Amino acid sequence: MVRGTRLPISVPAKRNKQALKLTRWIGLGLFGSWVLIALFGPLLAPYPMGAFVSDTIYGGASAAHWLGTDYMGRDMLSRILTGARYTVGLAVAAALLSSLVGAGFGMLAVLLPRWLEECVRRVFDTLISIPSKMMALVMVSAFGTSIPLLIVAAVLSYAPGAFRIAHSLATNLATLEYVQVAKTRGEGRFYIAAFEIMPNMIQSILTDMGMRFVFIVLLLSGMSFLGLGVQPPAADLGSLVRENIGGLSQGALAVIAPALAIGTLTIGANLLIDSLSKSRDTQKE
Amino acid sequence: MRNAMPKLVLGRLSSSLVTLFLVSLVIFTITSLLPGDTAQQILGQFATPEQVAALRAELGLDQPPLVRYWQWLSGFATGDLGMSASNATSVAQLMNDRLPNSLLLAAITTAISVPIALTMGLVAAMRRGGKVDRALNVVTLSMVAVPEFLVATLAVLIFAVHLGWLPALSYVSTVDSLGDFVRIYAMPVLTLCCVLIAQMARMTRAALIDQLDSAYIEMARLKGVPPVRRVLRHALPNAVGPIANAVALSLSYLLGGVIIVETIFNYPGIASLMVDAVSNRDLALVQACAMLFCGAYLILVMVADLCAILSNPRLRNR
């Protein structure tokens with residue numbers, strides 16, 4: 001809407017900003033600490049991940065085992081500190097690839113001949129119509145599960161969304177004069193995509209990548225929870241929930257701790273992304 | 001002018017059908033790229049090559065892929081979806097047994113979550129920027145990102161372990177009374193509702209606020225129309241389409257959510273059937289279930305689009 005056509009709406013802007021700051025710090029704190037754990041967790045772990053260190057199974061919190069012990073008497077804290085690396089690492093890799101593939105095609109599609117652009121769009125439209133868990137389940141049923149396969153399944157599910165967003169942004173940008181000028185100058189497709197269009201949409205793409213990261217964490221830990229994701233002896237946070245699910249009826253810490261771990265990771269990331277994208281909106285105004 | 005609408009609706013329907021066809025192609029391709037094949041899978045590794053070849057012929061696996069694809073696709077029309085490799089029953093029979101359970105679960109969840117979510121979205125939009133809105137924003141934003149199994153484990157912990165009101169795992173065996181019914185469905189429905197309500201409330205709020213930002217509401221405000229009336233009488237009727245769109249889109253979340261929820265609570269629905277089929281690599285069953293889920297998803301997205309088309313006079317009369 002054009003400036004000045006609307007009267008100021010009575011939103012308590014100052015208080016809103018404070019709340020925004022608070023959610024940002026909460027988000028940053030939660031998400032940041034999980035990133036640190038993913039990087040350094042295995043170094044901090046008091047015991048090796050697979051070591052049987054206790055005779056009690058589903059033990060509660062104690063001085064020796066802060067988060068109790070699992071269904072085989074292994075230290076839960078060590079397993080979570082090590083498992084976080086799989087959860088965060090896999091999701092970061094898959095989110096990066098999804099955005100790279102999606103946004104790359106989104107930008108290039110604008111510059112391709114009409115019929116080819118239509119084909120690319122059709123392919124991504126078909127992929128987006130397959131719910132992500134369905135895609136992952138179908139692929140695992142056909143090929144068996146492995147870490148590369150899980151990443152491919154996540155990229156196939158989430159690149160189309162990134163494509164849609166990048167494509168619609170790029171379509172708008174491509175009509176702008178400076179892109180037309182670059183075209184008349186005789187620049188190649190890749191140059192225009194990388195140096196004319198990309199810098200103007202990178203922020204939106206990064207925000208979108210953050211959202212994709214959250215979805216992918218949920219997808220992959222969901223697959224592990226079903227026993228179709230990361231396979232033992234390796235374990236991500238979803239697998240940790242699954243293997244200790246037997247302790248649920250006694251309220252074992254071993255099943256709640258990893259579930260909470262995933263929750264705090266995704267909630268933190270979500271709050272952070274939301275506050276960042278909102279503060280960008282207010283900056284624009 | 002008004003004749004444009006059926007055309008628009010028909011166009012949307014046919015594009016959904018084309019997409020469904022392409023989706024079937026993707027699913028069939030992925031499941032047919034399998035290096036080992038189904039016959040080998042059924043007979044196990046000690047089968048003689050002759051046995052495998054015989055079974056391949058029996059199952060039609062020796063035919064070229066395009067022929068098999070055509071047979072598979074036409075199977076949906078005739079209801080012949082092949083045999084399940086791990087259950088020695090027909091796929092159609094298995095799905096028939098499980099589908100009503102899943103539909104019931106989805107129906108209960110929808111019936112509970114839609115009114116709550118709409119109220120929350122409405123209240124948040126009316127109190128935009130206020131304490132309630134900000135609190136709901138943080139809560140729903142967090143809930144959207146919570147994995148189902150966290151909600152489920154916390155629910156079990158609170159209601160089954162600490163309070164002892166409900167059994168930890170639900171089996172649909174015999175439902176004799178309302179009490180049984182609640183004991184079986186309470187926790188699966190609660191788990192599904194959490195994420196669903198959060199998502200739907202956010203989208204409802206966004207749809208309403210979109211209306212509240214428009215010029216005619218500004219006008220009503222300047223005329224001195226009180227806030228509640230402004231939202232309920234002025235904005236809401238115009239937001240019905242976008243809200244219906246939001247509800248249909250949110251409901252598509254159920255398709256992913258039930259997979260986890262049915263598994264964690266041992267609920268005998270179609271999603272847990274599919275998870276078992278994936279574990280057993282029972283491809284005929286996986287294909288059929290995947291098509292069912294993708295079909296349901298496409299229908300929901302299509303309904304959402306149709307709601308948006310039908311409720312928008314500008315689109316309607318274009």
# chains A, B, ... in the order shown; residues from 1 in each chain; ligands from 1
$ select_by_dssp --residues "region 11-237 of chain A" --states "alpha helix (DSSP H)" --output "MDAnalysis selection string"
chainID A and resid 13:44 76:111 114:128 132:143 147:174 177:184 189:191 202:225 237
$ interface_residues --of "chain A" --to "chain B" --cutoff "6 Å" --atoms "only C-alpha atoms" --output "compact mmCIF listing (two decimals) with N, CA, C and O atoms, in the first residue's frame"
# COMPACT_ATOMS: atom_id res chain seq x y z
N VAL A 11 -1.18 0.32 17.42
CA VAL A 11 -0.49 -0.85 17.97
C VAL A 11 0.57 -0.35 18.93
O VAL A 11 1.36 0.52 18.58
N THR A 126 4.67 -31.17 -8.56
CA THR A 126 4.33 -32.56 -8.27
C THR A 126 4.97 -32.99 -6.95
O THR A 126 4.31 -33.59 -6.10
N ILE A 130 3.43 -34.22 -2.51
CA ILE A 130 3.65 -35.45 -1.74
C ILE A 130 4.07 -35.02 -0.34
O ILE A 130 5.12 -34.41 -0.18
N SER A 141 11.03 -47.45 2.08
CA SER A 141 10.50 -48.78 1.77
C SER A 141 11.16 -49.33 0.51
O SER A 141 11.32 -50.54 0.38
N ALA A 142 11.55 -48.46 -0.40
CA ALA A 142 12.15 -48.95 -1.63
C ALA A 142 13.65 -49.22 -1.48
O ALA A 142 14.15 -50.22 -1.96
N LEU A 218 12.08 -31.96 12.39
CA LEU A 218 10.87 -32.70 12.77
C LEU A 218 10.70 -33.95 11.91
O LEU A 218 10.36 -35.03 12.42
N GLY A 251 7.47 -43.44 33.47
CA GLY A 251 7.88 -42.04 33.49
C GLY A 251 9.38 -41.86 33.48
O GLY A 251 9.91 -40.96 34.13
N ALA A 259 13.17 -36.22 24.02
CA ALA A 259 12.01 -35.59 23.39
C ALA A 259 12.01 -34.09 23.68
O ALA A 259 11.76 -33.27 22.78
N GLY A 263 12.32 -30.74 21.18
CA GLY A 263 11.36 -29.64 21.33
C GLY A 263 12.06 -28.31 21.54
O GLY A 263 11.74 -27.32 20.88
N THR A 266 13.75 -27.10 18.20
CA THR A 266 12.87 -26.57 17.16
C THR A 266 12.15 -25.30 17.62
O THR A 266 11.99 -24.36 16.85
N ILE A 267 11.72 -25.28 18.89
CA ILE A 267 11.04 -24.08 19.39
C ILE A 267 12.02 -22.91 19.35
O ILE A 267 11.67 -21.81 18.89
$ residues_around --residues "Leu81 (chain B)" --least-positions-apart "3" --cutoff "6 Å" --atoms "only C-alpha atoms" --output "MDAnalysis selection string"
chainID B and resid 75 91:92
$ write_last_selection --atoms "N, CA and C atoms" --output "CSV table (one decimal), in the first residue's frame"
chain,number,residue,atom,x,y,z
B,75,GLY,N,-5.7,-50.8,-11.3
B,75,GLY,CA,-6.1,-51.5,-10.1
B,75,GLY,C,-6.9,-50.6,-9.2
B,91,VAL,N,-4.4,-56.2,-0.4
B,91,VAL,CA,-4.2,-54.9,0.1
B,91,VAL,C,-5.5,-54.2,0.4
B,92,ALA,N,-6.4,-54.3,-0.5
B,92,ALA,CA,-7.7,-53.6,-0.4
B,92,ALA,C,-8.4,-54.0,1.0
$ residues_around --residues "Met302 (chain B)" --least-positions-apart "2" --cutoff "8 Å" --atoms "only C-alpha atoms" --output "PDB file with N, CA and C atoms, in the first residue's frame"
ATOM      1  N   ARG B  12      -9.538 -26.067 -11.759  1.00  0.00           N
ATOM      2  CA  ARG B  12      -8.836 -26.455 -10.537  1.00  0.00           C
ATOM      3  C   ARG B  12      -8.923 -27.967 -10.319  1.00  0.00           C
ATOM      4  N   LEU B  13     -10.141 -28.529 -10.579  1.00  0.00           N
ATOM      5  CA  LEU B  13     -10.331 -29.973 -10.418  1.00  0.00           C
ATOM      6  C   LEU B  13      -9.425 -30.750 -11.352  1.00  0.00           C
ATOM      7  N   SER B  16      -5.835 -30.741 -10.367  1.00  0.00           N
ATOM      8  CA  SER B  16      -5.582 -31.674  -9.262  1.00  0.00           C
ATOM      9  C   SER B  16      -5.436 -33.096  -9.780  1.00  0.00           C
ATOM     10  N   LEU B 298      -4.097 -33.936  -1.583  1.00  0.00           N
ATOM     11  CA  LEU B 298      -4.478 -33.128  -2.740  1.00  0.00           C
ATOM     12  C   LEU B 298      -5.905 -32.629  -2.613  1.00  0.00           C
ATOM     13  N   ILE B 299      -6.792 -33.487  -2.089  1.00  0.00           N
ATOM     14  CA  ILE B 299      -8.185 -33.063  -1.934  1.00  0.00           C
ATOM     15  C   ILE B 299      -8.276 -31.885  -0.970  1.00  0.00           C
ATOM     16  N   LEU B 300      -7.546 -31.970   0.152  1.00  0.00           N
ATOM     17  CA  LEU B 300      -7.586 -30.875   1.124  1.00  0.00           C
ATOM     18  C   LEU B 300      -7.053 -29.579   0.524  1.00  0.00           C
ATOM     19  N   ALA B 304      -9.139 -26.189  -0.140  1.00  0.00           N
ATOM     20  CA  ALA B 304      -8.651 -24.890   0.344  1.00  0.00           C
ATOM     21  C   ALA B 304      -8.656 -23.865  -0.790  1.00  0.00           C
ATOM     22  N   ASP B 305      -8.144 -24.274  -1.959  1.00  0.00           N
ATOM     23  CA  ASP B 305      -8.121 -23.357  -3.102  1.00  0.00           C
ATOM     24  C   ASP B 305      -9.523 -22.971  -3.531  1.00  0.00           C
ATOM     25  N   LEU B 306     -10.423 -23.972  -3.580  1.00  0.00           N
ATOM     26  CA  LEU B 306     -11.794 -23.694  -4.006  1.00  0.00           C
ATOM     27  C   LEU B 306     -12.460 -22.712  -3.055  1.00  0.00           C
TER      28      LEU B 306
END
$ residues_around --residues "region 111-119 of chain A" --least-positions-apart "4" --cutoff "10 Å" --atoms "only C-alpha atoms" --output "tab-separated table (two decimals) with C-alpha atoms, in the first residue's frame"
chain	number	residue	atom	x	y	z
A	105	PHE	CA	16.27	-23.55	-9.81
A	106	GLY	CA	13.89	-20.79	-8.73
A	107	MET	CA	16.25	-18.11	-9.97
A	123	VAL	CA	8.20	-31.13	-11.50
A	124	PHE	CA	8.42	-29.11	-8.30
A	125	ASP	CA	4.61	-28.79	-8.12
A	170	ALA	CA	12.78	-13.86	-8.77
A	171	THR	CA	9.85	-13.42	-11.15
A	174	ALA	CA	13.41	-10.15	-13.17
A	183	LYS	CA	20.21	-8.52	-20.13
A	188	GLY	CA	24.79	-14.57	-19.21
A	189	ARG	CA	22.00	-16.32	-17.27
A	190	PHE	CA	24.22	-17.44	-14.45
A	192	ILE	CA	22.28	-12.37	-13.83
A	193	ALA	CA	21.01	-14.98	-11.40
$ atom_distance --atom1 "CA of Val101 (chain A)" --atom2 "CA of Ala159 (chain A)"
6.1 Å
$ residues_around --residues "region 38-53 of chain A" --least-positions-apart "4" --cutoff "12 Å" --atoms "only C-alpha atoms" --output "PyMOL selection string"
chain A and resi 31-34+57+59+63-92+232-237+240+261+265
$ select_by_dssp --residues "region 51-261 of chain A" --states "strand (DSSP E or B)" --output "PyMOL selection string"
chain A and resi 52+69+74-75
$ residues_around --residues "Ala93 (chain A)" --least-positions-apart "6" --cutoff "10 Å" --atoms "only C-alpha atoms" --output "compact mmCIF listing (two decimals) with N, CA, C and O atoms, in the first residue's frame"
# COMPACT_ATOMS: atom_id res chain seq x y z
N ILE A 151 18.78 -37.73 3.70
CA ILE A 151 19.01 -36.36 3.23
C ILE A 151 18.33 -36.15 1.88
O ILE A 151 17.66 -35.15 1.66
N ALA A 154 14.65 -35.73 2.39
CA ALA A 154 14.32 -34.42 2.94
C ALA A 154 14.44 -33.33 1.88
O ALA A 154 13.59 -32.44 1.79
N VAL A 155 15.49 -33.43 1.04
CA VAL A 155 15.66 -32.42 0.00
C VAL A 155 14.52 -32.50 -1.02
O VAL A 155 13.96 -31.49 -1.43
N PHE A 213 14.84 -25.79 8.04
CA PHE A 213 15.63 -26.50 9.05
C PHE A 213 14.71 -27.09 10.12
O PHE A 213 14.81 -28.27 10.47
N ILE A 216 12.72 -29.99 8.77
CA ILE A 216 13.56 -31.16 8.50
C ILE A 216 13.94 -31.85 9.82
O ILE A 216 13.95 -33.09 9.89
